[in-house]
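Coordinates as given in run.tsv (TSV, C-alpha atoms and all ligand atoms):
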chain	number	residue	atom	x	y	z
A	1	MET	CA	149.81	177.65	137.64
A	2	ALA	CA	148.78	174.68	135.51
A	3	GLN	CA	150.96	174.28	132.40
A	4	PRO	CA	149.26	174.25	128.96
A	5	VAL	CA	149.63	171.12	126.82
A	6	THR	CA	148.69	170.30	123.26
A	7	LEU	CA	146.52	167.20	123.31
A	8	VAL	CA	146.79	165.12	120.13
A	9	THR	CA	144.51	162.10	119.76
A	10	GLY	CA	145.56	159.39	117.34
A	11	ALA	CA	149.23	160.33	117.72
A	12	SER	CA	150.54	156.81	117.06
A	13	SER	CA	150.51	157.12	113.25
A	14	GLY	CA	149.67	159.19	110.18
A	15	LEU	CA	148.38	162.73	110.59
A	16	GLY	CA	148.39	162.59	114.41
A	17	GLU	CA	152.04	161.60	114.62
A	18	LEU	CA	153.01	164.51	112.37
A	19	PHE	CA	150.80	166.94	114.31
A	20	ALA	CA	152.71	165.86	117.40
A	21	ARG	CA	156.08	166.36	115.68
A	22	ARG	CA	155.15	169.82	114.37
A	23	CYS	CA	153.74	171.00	117.70
A	24	ALA	CA	156.76	169.67	119.60
A	25	ALA	CA	159.06	171.49	117.16
A	26	ARG	CA	157.39	174.81	117.98
A	27	GLY	CA	157.93	174.14	121.69
A	28	ASP	CA	154.56	172.80	122.86
A	29	ARG	CA	154.41	170.26	125.65
A	30	LEU	CA	152.30	167.37	124.38
A	31	ALA	CA	149.75	164.89	125.61
A	32	LEU	CA	149.66	161.92	123.24
A	33	VAL	CA	146.66	159.59	122.98
A	34	ALA	CA	146.12	156.31	121.09
A	35	ARG	CA	145.80	152.62	121.86
A	36	ARG	CA	149.31	151.57	120.74
A	37	GLN	CA	151.27	152.61	123.81
A	38	ASN	CA	154.61	151.32	122.48
A	39	ARG	CA	154.43	153.71	119.53
A	40	LEU	CA	153.42	156.65	121.74
A	41	ARG	CA	156.31	155.94	124.13
A	42	ALA	CA	158.82	155.76	121.27
A	43	LEU	CA	157.51	159.04	119.85
A	44	ALA	CA	157.58	160.68	123.28
A	45	ARG	CA	161.23	159.68	123.77
A	46	GLU	CA	162.10	161.15	120.39
A	47	LEU	CA	160.21	164.42	120.92
A	48	GLY	CA	161.46	165.24	124.42
A	49	ASN	CA	159.92	167.98	126.63
A	50	ASP	CA	158.26	165.32	128.80
A	51	PRO	CA	155.13	164.42	126.79
A	52	ILE	CA	152.25	162.89	128.73
A	53	VAL	CA	151.53	159.46	127.21
A	54	ILE	CA	147.94	158.33	127.63
A	55	ALA	CA	147.07	154.91	126.23
A	56	GLU	CA	143.30	154.92	125.88
A	57	ASP	CA	140.81	153.29	123.55
A	58	LEU	CA	138.48	156.10	122.47
A	59	SER	CA	135.73	153.60	121.74
A	60	ASP	CA	135.50	153.22	125.54
A	61	TYR	CA	132.81	155.47	126.91
A	62	ASP	CA	135.03	156.56	129.82
A	63	ALA	CA	138.12	157.44	127.75
A	64	PRO	CA	137.66	161.22	127.32
A	65	GLU	CA	137.18	161.75	131.06
A	66	ALA	CA	140.22	159.54	131.81
A	67	ILE	CA	142.33	161.55	129.33
A	68	VAL	CA	141.44	164.90	130.90
A	69	ASP	CA	141.99	163.47	134.40
A	70	ALA	CA	145.44	162.21	133.38
A	71	ILE	CA	146.38	165.67	132.12
A	72	GLU	CA	145.05	167.47	135.20
A	73	SER	CA	146.84	165.00	137.49
A	74	LYS	CA	150.12	166.32	136.02
A	75	ASN	CA	149.07	169.88	136.95
A	76	CYS	CA	148.44	170.71	133.28
A	77	HIS	CA	145.49	171.99	131.27
A	78	VAL	CA	144.67	171.62	127.58
A	79	GLY	CA	145.68	174.79	125.70
A	80	THR	CA	145.30	173.21	122.26
A	81	LEU	CA	143.16	170.21	121.39
A	82	ILE	CA	143.76	168.29	118.17
A	83	ASN	CA	140.88	165.85	117.77
A	84	ASN	CA	142.48	163.65	115.13
A	85	ALA	CA	141.86	159.99	116.03
A	86	GLY	CA	139.42	158.27	113.75
A	87	PHE	CA	138.89	155.32	111.48
A	88	GLY	CA	136.70	154.18	108.60
A	89	MET	CA	135.31	150.89	107.39
A	90	ARG	CA	134.40	150.17	103.80
A	91	GLY	CA	131.58	147.83	102.91
A	92	PRO	CA	127.81	147.53	102.70
A	93	PHE	CA	126.23	149.18	105.76
A	94	ALA	CA	124.15	146.11	106.60
A	95	GLU	CA	127.16	143.79	106.49
A	96	ILE	CA	129.58	145.77	108.69
A	97	SER	CA	128.98	144.66	112.26
A	98	LEU	CA	126.83	146.93	114.36
A	99	GLY	CA	129.41	146.83	117.16
A	100	ASP	CA	132.13	148.13	114.84
A	101	GLN	CA	129.90	150.94	113.61
A	102	ILE	CA	128.92	151.95	117.14
A	103	ASP	CA	132.64	152.02	118.02
A	104	MET	CA	133.22	154.21	114.96
A	105	VAL	CA	130.60	156.69	116.10
A	106	GLN	CA	132.14	156.69	119.59
A	107	VAL	CA	135.69	157.33	118.26
A	108	ASN	CA	134.86	159.71	115.39
A	109	VAL	CA	131.92	161.60	116.89
A	110	THR	CA	131.22	161.19	120.61
A	111	ALA	CA	134.80	161.25	121.90
A	112	PRO	CA	135.85	164.43	120.04
A	113	MET	CA	132.58	166.14	120.99
A	114	GLU	CA	133.10	165.16	124.65
A	115	LEU	CA	136.73	166.30	124.61
A	116	CYS	CA	135.64	169.70	123.25
A	117	HIS	CA	133.04	169.93	125.99
A	118	ARG	CA	135.54	169.01	128.70
A	119	VAL	CA	138.39	171.31	127.58
A	120	ILE	CA	136.44	174.46	126.69
A	121	PRO	CA	135.93	175.45	130.37
A	122	MET	CA	139.71	175.09	130.91
A	123	MET	CA	140.38	177.24	127.86
A	124	LYS	CA	137.92	179.92	128.99
A	125	ALA	CA	139.48	179.94	132.47
A	126	ASN	CA	142.91	180.42	130.92
A	127	GLY	CA	141.95	183.23	128.57
A	128	GLY	CA	141.74	181.25	125.31
A	129	GLY	CA	142.78	178.19	123.39
A	130	ALA	CA	142.59	176.37	120.08
A	131	ILE	CA	140.69	173.33	118.79
A	132	LEU	CA	141.43	171.54	115.53
A	133	ASN	CA	138.90	168.85	114.64
A	134	VAL	CA	139.89	166.51	111.82
A	135	ALA	CA	136.86	166.06	109.59
A	136	SER	CA	137.21	165.09	105.90
A	137	THR	CA	136.15	165.92	102.37
A	138	ALA	CA	133.70	163.10	103.22
A	139	SER	CA	131.95	165.63	105.48
A	140	PHE	CA	130.36	167.30	102.45
A	141	GLN	CA	128.36	164.45	100.95
A	142	ALA	CA	126.88	161.02	101.63
A	143	GLY	CA	129.18	158.01	101.16
A	144	PRO	CA	127.70	154.80	99.81
A	145	TRP	CA	129.84	151.82	100.95
A	146	MET	CA	131.18	153.93	103.85
A	147	ALA	CA	127.87	155.25	105.10
A	148	THR	CA	128.61	155.60	108.81
A	149	TYR	CA	132.09	157.01	108.27
A	150	TYR	CA	130.81	159.78	105.98
A	151	ALA	CA	127.95	160.53	108.36
A	152	SER	CA	130.40	160.72	111.27
A	153	LYS	CA	132.53	163.27	109.43
A	154	ALA	CA	129.47	165.37	108.51
A	155	PHE	CA	128.79	165.60	112.26
A	156	VAL	CA	132.37	166.72	112.97
A	157	LEU	CA	132.19	169.49	110.36
A	158	SER	CA	128.80	170.75	111.53
A	159	LEU	CA	129.81	170.73	115.21
A	160	THR	CA	133.08	172.49	114.45
A	161	GLU	CA	131.50	175.27	112.39
A	162	ALA	CA	129.01	175.94	115.18
A	163	LEU	CA	131.74	175.99	117.85
A	164	HIS	CA	133.83	178.29	115.66
A	165	GLU	CA	131.05	180.87	116.00
A	166	GLU	CA	130.24	180.23	119.68
A	167	MET	CA	133.86	180.35	120.84
A	168	ALA	CA	134.92	183.51	119.01
A	169	PRO	CA	134.12	185.83	121.94
A	170	HIS	CA	136.18	183.61	124.24
A	171	ASN	CA	139.41	183.81	122.26
A	172	ILE	CA	139.16	180.13	121.39
A	173	LYS	CA	140.06	179.30	117.79
A	174	VAL	CA	138.09	176.41	116.28
A	175	THR	CA	138.89	174.88	112.89
A	176	ALA	CA	137.68	171.88	110.91
A	177	LEU	CA	140.42	170.27	108.81
A	178	CYS	CA	138.93	168.42	105.84
A	179	PRO	CA	141.57	166.29	104.10
A	180	GLY	CA	140.93	164.18	101.04
A	181	ALA	CA	142.60	160.80	100.54
A	182	THR	CA	145.98	161.01	102.30
A	183	GLN	CA	148.90	158.59	102.54
A	184	THR	CA	148.58	157.15	106.07
A	185	GLU	CA	147.53	153.82	107.59
A	186	PHE	CA	143.89	154.89	107.14
A	187	ALA	CA	143.34	153.32	103.69
A	188	ASP	CA	144.65	149.91	104.76
A	189	SER	CA	142.71	149.84	108.01
A	190	ALA	CA	139.54	150.99	106.23
A	191	GLY	CA	139.94	148.44	103.42
A	192	MET	CA	140.25	151.24	100.85
A	193	ALA	CA	143.75	150.84	99.47
A	194	ASP	CA	142.45	149.33	96.21
A	195	THR	CA	139.77	151.97	95.55
A	196	GLN	CA	139.94	154.44	92.64
A	197	LEU	CA	139.96	157.22	95.24
A	198	PHE	CA	143.18	156.04	96.90
A	199	LYS	CA	144.77	154.88	93.65
A	200	ASN	CA	144.32	158.23	91.90
A	201	PHE	CA	143.83	161.06	94.40
A	202	VAL	CA	146.16	160.40	97.32
A	203	GLY	CA	147.94	163.37	98.93
A	204	ASN	CA	150.84	163.62	101.35
A	205	VAL	CA	150.67	164.02	105.09
A	206	ASP	CA	152.91	167.09	105.40
A	207	ALA	CA	150.69	169.28	103.23
A	208	VAL	CA	147.59	168.30	105.23
A	209	VAL	CA	149.13	168.87	108.66
A	210	ASP	CA	150.77	172.16	107.69
A	211	ALA	CA	147.52	173.46	106.17
A	212	GLY	CA	145.63	172.43	109.31
A	213	LEU	CA	148.00	174.16	111.73
A	214	ALA	CA	148.23	177.30	109.57
A	215	GLY	CA	144.42	177.44	109.29
A	216	LEU	CA	144.03	177.04	113.04
A	217	GLU	CA	146.54	179.81	113.65
A	218	LYS	CA	144.41	182.12	111.47
A	219	ASN	CA	141.19	180.77	113.04
A	220	LYS	CA	139.72	179.64	109.73
A	221	ALA	CA	136.44	177.79	110.20
A	222	ILE	CA	137.19	175.22	107.49
A	223	VAL	CA	140.46	174.14	105.89
A	224	ILE	CA	140.43	171.94	102.78
A	225	PRO	CA	144.04	171.11	101.88
A	226	GLY	CA	145.00	170.78	98.21
A	227	LEU	CA	143.61	172.17	94.97
A	228	VAL	CA	142.05	168.89	93.84
A	229	ASN	CA	140.19	168.49	97.13
A	230	LYS	CA	139.02	172.12	97.08
A	231	ALA	CA	137.79	171.65	93.51
A	232	MET	CA	135.99	168.43	94.46
A	233	VAL	CA	134.21	170.10	97.37
A	234	GLN	CA	133.31	173.20	95.33
A	235	SER	CA	131.97	171.15	92.43
A	236	GLY	CA	129.93	169.12	94.92
A	237	ARG	CA	128.13	172.33	95.91
A	238	ILE	CA	126.70	172.80	92.42
A	239	THR	CA	126.27	169.12	91.55
A	240	PRO	CA	122.91	167.49	92.33
A	241	ARG	CA	123.26	165.33	95.44
A	242	SER	CA	122.07	162.29	93.48
A	243	VAL	CA	125.04	162.72	91.10
A	244	SER	CA	127.51	163.18	93.99
A	245	ARG	CA	126.22	159.96	95.54
A	246	GLU	CA	126.73	158.07	92.28
A	247	ILE	CA	130.30	159.38	91.96
A	248	VAL	CA	131.21	158.34	95.51
A	249	LYS	CA	129.54	154.97	94.94
A	250	LEU	CA	131.73	154.43	91.88
A	251	LEU	CA	134.95	155.65	93.50
A	252	GLN	CA	134.51	153.44	96.57
A	253	GLY	CA	132.83	150.41	95.09
B	301	LIG	N1	144.08	159.35	105.51
B	301	LIG	C1	143.01	159.80	104.88
B	301	LIG	O1	142.80	159.57	103.67
B	301	LIG	C2	142.03	160.68	105.63
B	301	LIG	C3	141.17	161.51	104.88
B	301	LIG	C4	140.28	162.33	105.55
B	301	LIG	C5	140.23	162.31	106.93
B	301	LIG	N2	141.07	161.50	107.63
B	301	LIG	C6	140.99	161.51	109.09
B	301	LIG	O2	142.25	161.80	109.61
B	301	LIG	C7	142.33	161.32	110.95
B	301	LIG	C8	143.67	160.63	111.15
B	301	LIG	O3	143.72	159.46	110.38
B	301	LIG	P1	145.03	159.02	109.57
B	301	LIG	O4	144.76	159.21	108.15
B	301	LIG	O5	146.23	159.60	110.19
B	301	LIG	O6	144.95	157.44	109.82
B	301	LIG	P2	145.85	156.43	110.67
B	301	LIG	O7	147.27	156.49	110.23
B	301	LIG	O8	145.14	155.12	110.58
B	301	LIG	O9	145.77	157.00	112.15
B	301	LIG	C9	144.61	156.89	112.94
B	301	LIG	C10	144.96	157.22	114.37
B	301	LIG	O10	143.74	157.12	115.14
B	301	LIG	C11	143.99	156.29	116.25
B	301	LIG	N3	142.81	155.53	116.65
B	301	LIG	C12	142.01	154.78	115.85
B	301	LIG	N4	141.08	154.16	116.59
B	301	LIG	C13	141.31	154.52	117.88
B	301	LIG	C14	140.71	154.20	119.12
B	301	LIG	N5	139.68	153.32	119.21
B	301	LIG	N6	141.19	154.76	120.26
B	301	LIG	C15	142.23	155.62	120.20
B	301	LIG	N7	142.86	155.96	119.05
B	301	LIG	C16	142.40	155.41	117.91
B	301	LIG	C17	145.10	155.33	115.81
B	301	LIG	O11	145.84	154.87	116.93
B	301	LIG	P3	145.84	153.37	117.53
B	301	LIG	O12	145.51	152.43	116.41
B	301	LIG	O13	147.21	153.21	118.10
B	301	LIG	O14	144.78	153.42	118.59
B	301	LIG	C18	145.96	156.25	114.96
B	301	LIG	O15	146.87	156.95	115.76
B	301	LIG	C19	141.10	160.42	111.14
B	301	LIG	O16	140.12	161.13	111.88
B	301	LIG	C20	140.61	160.18	109.72
B	301	LIG	O17	139.24	159.93	109.68
B	301	LIG	C21	141.98	160.70	107.00
Structure rendered as C-alpha cells:
Amino acid sequence: MAQPVTLVTGASSGLGELFARRCAARGDRLALVARRQNRLRALARELGNDPIVIAEDLSDYDAPEAIVDAIESKNCHVGTLINNAGFGMRGPFAEISLGDQIDMVQVNVTAPMELCHRVIPMMKANGGGAILNVASTASFQAGPWMATYYASKAFVLSLTEALHEEMAPHNIKVTALCPGATQTEFADSAGMADTQLFKNFVGNVDAVVDAGLAGLEKNKAIVIPGLVNKAMVQSGRITPRSVSREIVKLLQG
C-alpha cells in the first residue's frame, strides 16, 4: 500500500514553512518543494518523520511531473496537496520583463493547476483527499501595478471554486485560501515592502495558516482570514469596479 503524504509547495519560507510545521505536528508525512534545497533539508531534519525533499523550480515546465514522480518513487501518494508556492512583482506591466511574467504564470497558475490534475486520480483511487490552493484577496479585483499577479490569483480562486464543486462526490475537499498582506518574504521579493498596503494592513502568518487548515478540514470553498480582509473583500462586492481599481492603484503605487 502506498503511504499518503502531504505535499507542500513553497515550503522553504513564509506560509509554506508553517503549513509544513503544522501538518508535521499532526502526524502527516510531508513532501516539501521549493528551489532552496538547503532550507528544505534543514526543515526536514527538524520535522522528522522522513519528509521527502524535492528541490524543483516550478517555473520549469517539467517540475510538476517530476514532483509527482519523486513521490511515487518512494511508494507514496499525495493525500493532501497544499499549492502554496507563488510570487508577485510590482511595477508597470509593460516594464516588468515578459520572461518574469511568464514564469509567474507558470508558478502561480500552471503548476498548481497541473498538480491538481495529477493528484486527483490518486486521491480518487484512495477514497478521498484534500487540496488547499493559496489564492489571495487579490483574487477578487484587478491590480494596477501588479497586473499579472492579481490576474494569476483570480485564476486560482476560480479554478478552486469549480473543483470544490466537482470533487465533492469523490470525498475530496477543495479550498481556496485568500490571505491579505501577510508578514513573510513575499513583500520584499515582490518589491512591496514600502507600499501603504504592507505598511498598514499586514497580518501574521499563524492566523492565515490556521484559518486555511481549519477551512480545509471543514471543506469550505473559500477562506478569507482576518476581519479586515473579509471587510475589504465584502466592500469590494458592492463598490464599482472602477473605484476598486483606483483604490488598489493608490495602495500599490
Ligand atoms: N504574504 C502575502 O502578503 C501574501 C498575500 C496573499 C497571498 N500570498 C500567497 O501566499 C503564497 C506563499 O507566499 P508567502 O507569503 O509565504 O511568500 P514567501 O515567504 O516569499 O514564500 C514563497 C514560497 O514560494 C516558493 N517559490 C517561489 N518561486 C518558486 C519557484 N519558481 N519554484 C518553486 N518554489 C517557488 C519559495 O521558495 P524558493 O524561493 O526556495 O523557491 C517560497 O518557499 C504565495 O502563493 C503568495 O502569492 C501571500
With only C-alpha atoms and all ligand atoms as the atoms that count, which of A:Phe93, A:Phe140, A:Phe87, A:Tyr150 lies nearest to ligand LIG 301 (chain B)?
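With only C-alpha atoms and all ligand atoms as the atom set, the closest residue is A:Phe87.
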Between atom O16 of ligand LIG 301 (chain B) and CA of Pro51 (chain A), what distance in Å does the model show, to one decimal?
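The value is 21.4 Å.
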Please return as JSON, numbers by chain the residues found within 6 Å of ligand LIG 301 (chain B), counting all atoms listed in the file.
{"A": [10, 11, 12, 13, 14, 15, 16, 34, 35, 36, 56, 57, 58, 59, 84, 85, 86, 87, 107, 134, 135, 136, 179, 180, 181, 182, 183, 184, 185, 186]}
Neighbours of Ala168 (chain A) within 10 Å (only C-alpha atoms; same-chain residues fewer than 6 positions away dropped), as a VMD selection string?
chain A and resid 128 174 219
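The space between CA of Met167 (chain A) and CA of Pro64 (chain A) spans 20.6 Å.
Compared by their closest atoms to Ser244 (chain A), and using all atoms listed in the file, the residues A:Leu163, A:Ile131, A:Met192, A:Ala142 rank with A:Ala142 nearest.
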Between CA of Val8 (chain A) and CA of Asn83 (chain A), what is the spacing in Å?
6.4 Å
Name the closest residue to Met89 (chain A) among the candidates A:Phe19, A:Trp145, A:Phe201, A:Tyr61; distances are taken between atoms, counting only C-alpha atoms.
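Looking only at the distances to Met89 (chain A), the closest residue turns out to be A:Trp145.
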What's the 7 Å shell around Pro144 (chain A), counting all atoms listed in the file, without same-chain residues fewer than 5 positions away, as a ChimeraX atom specification?
/A:245,248-249
Compare A:Ala55, A:Ala151, A:Ala176, A:Glu65 by their minimum atom-to-atom distance to Gln101 (chain A), counting only C-alpha atoms, and give me the closest one.
A:Ala151
Show me, as a VMD selection string, the residues that have an atom within 12 Å of Val243 (chain A) when counting only C-alpha atoms, minus same-chain residues fewer than 6 positions from it.
chain A and resid 141 to 143 235 to 237 249 to 250
Have a look at A:Leu216, A:Ile71, A:Ala20, A:Ile222 and name the one nearest to Glu46 (chain A); count all atoms listed in the file.
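Selected residue with least distance to Glu46 (chain A): A:Ala20.
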At a cut-off of 9 Å, using only C-alpha atoms, what residues contact Gln196 (chain A)? Leave out same-chain residues fewer than 6 positions from it and give the result as a PyMOL selection string.
chain A and resi 250-253
Residues at most 12 Å from Lys124 (chain A), counting only C-alpha atoms, excluding those fewer than 2 positions away in the same chain, as a JSON list (two decimals) with C-alpha atoms, in the coordinates of the input?
[["chain", "number", "residue", "atom", "x", "y", "z"],
["A", 77, "HIS", "CA", 145.49, 171.99, 131.27],
["A", 78, "VAL", "CA", 144.67, 171.62, 127.58],
["A", 79, "GLY", "CA", 145.68, 174.79, 125.70],
["A", 116, "CYS", "CA", 135.64, 169.70, 123.25],
["A", 117, "HIS", "CA", 133.04, 169.93, 125.99],
["A", 118, "ARG", "CA", 135.54, 169.01, 128.70],
["A", 119, "VAL", "CA", 138.39, 171.31, 127.58],
["A", 120, "ILE", "CA", 136.44, 174.46, 126.69],
["A", 121, "PRO", "CA", 135.93, 175.45, 130.37],
["A", 122, "MET", "CA", 139.71, 175.09, 130.91],
["A", 126, "ASN", "CA", 142.91, 180.42, 130.92],
["A", 127, "GLY", "CA", 141.95, 183.23, 128.57],
["A", 128, "GLY", "CA", 141.74, 181.25, 125.31],
["A", 129, "GLY", "CA", 142.78, 178.19, 123.39],
["A", 130, "ALA", "CA", 142.59, 176.37, 120.08],
["A", 167, "MET", "CA", 133.86, 180.35, 120.84],
["A", 168, "ALA", "CA", 134.92, 183.51, 119.01],
["A", 169, "PRO", "CA", 134.12, 185.83, 121.94],
["A", 170, "HIS", "CA", 136.18, 183.61, 124.24],
["A", 171, "ASN", "CA", 139.41, 183.81, 122.26],
["A", 172, "ILE", "CA", 139.16, 180.13, 121.39],
["A", 173, "LYS", "CA", 140.06, 179.30, 117.79]]
Which residue out of A:Pro112, A:Gly99, A:Gly212, A:Gly203 has the minimum interatomic distance to Cys23 (chain A) when all atoms listed in the file are used?
A:Gly212
Starting from the sparse input, extend region 112-125 of chain A to N, CA and C atoms and give the output as a PDB file, in the frame of the given file.
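Output file selection31.pdb is given in full below:
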ATOM      1  N   PRO A 112     135.406 163.052 120.285  1.00  0.00           N
ATOM      2  CA  PRO A 112     135.850 164.430 120.040  1.00  0.00           C
ATOM      3  C   PRO A 112     134.863 165.480 120.551  1.00  0.00           C
ATOM      4  N   MET A 113     133.568 165.192 120.447  1.00  0.00           N
ATOM      5  CA  MET A 113     132.580 166.140 120.990  1.00  0.00           C
ATOM      6  C   MET A 113     132.767 166.273 122.500  1.00  0.00           C
ATOM      7  N   GLU A 114     132.937 165.118 123.183  1.00  0.00           N
ATOM      8  CA  GLU A 114     133.100 165.160 124.650  1.00  0.00           C
ATOM      9  C   GLU A 114     134.394 165.873 125.032  1.00  0.00           C
ATOM     10  N   LEU A 115     135.463 165.616 124.284  1.00  0.00           N
ATOM     11  CA  LEU A 115     136.730 166.300 124.610  1.00  0.00           C
ATOM     12  C   LEU A 115     136.573 167.810 124.449  1.00  0.00           C
ATOM     13  N   CYS A 116     135.899 168.253 123.390  1.00  0.00           N
ATOM     14  CA  CYS A 116     135.640 169.700 123.250  1.00  0.00           C
ATOM     15  C   CYS A 116     134.899 170.214 124.485  1.00  0.00           C
ATOM     16  N   HIS A 117     133.872 169.485 124.871  1.00  0.00           N
ATOM     17  CA  HIS A 117     133.040 169.930 125.990  1.00  0.00           C
ATOM     18  C   HIS A 117     133.844 169.997 127.291  1.00  0.00           C
ATOM     19  N   ARG A 118     134.759 169.046 127.464  1.00  0.00           N
ATOM     20  CA  ARG A 118     135.540 169.010 128.700  1.00  0.00           C
ATOM     21  C   ARG A 118     136.666 170.038 128.725  1.00  0.00           C
ATOM     22  N   VAL A 119     137.233 170.390 127.548  1.00  0.00           N
ATOM     23  CA  VAL A 119     138.390 171.310 127.580  1.00  0.00           C
ATOM     24  C   VAL A 119     137.983 172.786 127.440  1.00  0.00           C
ATOM     25  N   ILE A 120     136.819 173.053 126.886  1.00  0.00           N
ATOM     26  CA  ILE A 120     136.440 174.460 126.690  1.00  0.00           C
ATOM     27  C   ILE A 120     136.405 175.247 128.016  1.00  0.00           C
ATOM     28  N   PRO A 121     135.869 174.685 129.104  1.00  0.00           N
ATOM     29  CA  PRO A 121     135.930 175.450 130.370  1.00  0.00           C
ATOM     30  C   PRO A 121     137.361 175.777 130.792  1.00  0.00           C
ATOM     31  N   MET A 122     138.287 174.827 130.569  1.00  0.00           N
ATOM     32  CA  MET A 122     139.710 175.090 130.910  1.00  0.00           C
ATOM     33  C   MET A 122     140.238 176.228 130.049  1.00  0.00           C
ATOM     34  N   MET A 123     139.885 176.204 128.772  1.00  0.00           N
ATOM     35  CA  MET A 123     140.380 177.240 127.860  1.00  0.00           C
ATOM     36  C   MET A 123     139.821 178.602 128.265  1.00  0.00           C
ATOM     37  N   LYS A 124     138.530 178.638 128.574  1.00  0.00           N
ATOM     38  CA  LYS A 124     137.920 179.920 128.990  1.00  0.00           C
ATOM     39  C   LYS A 124     138.611 180.430 130.253  1.00  0.00           C
ATOM     40  N   ALA A 125     138.857 179.522 131.210  1.00  0.00           N
ATOM     41  CA  ALA A 125     139.480 179.940 132.470  1.00  0.00           C
ATOM     42  C   ALA A 125     140.885 180.459 132.256  1.00  0.00           C
TER      43      ALA A 125
END
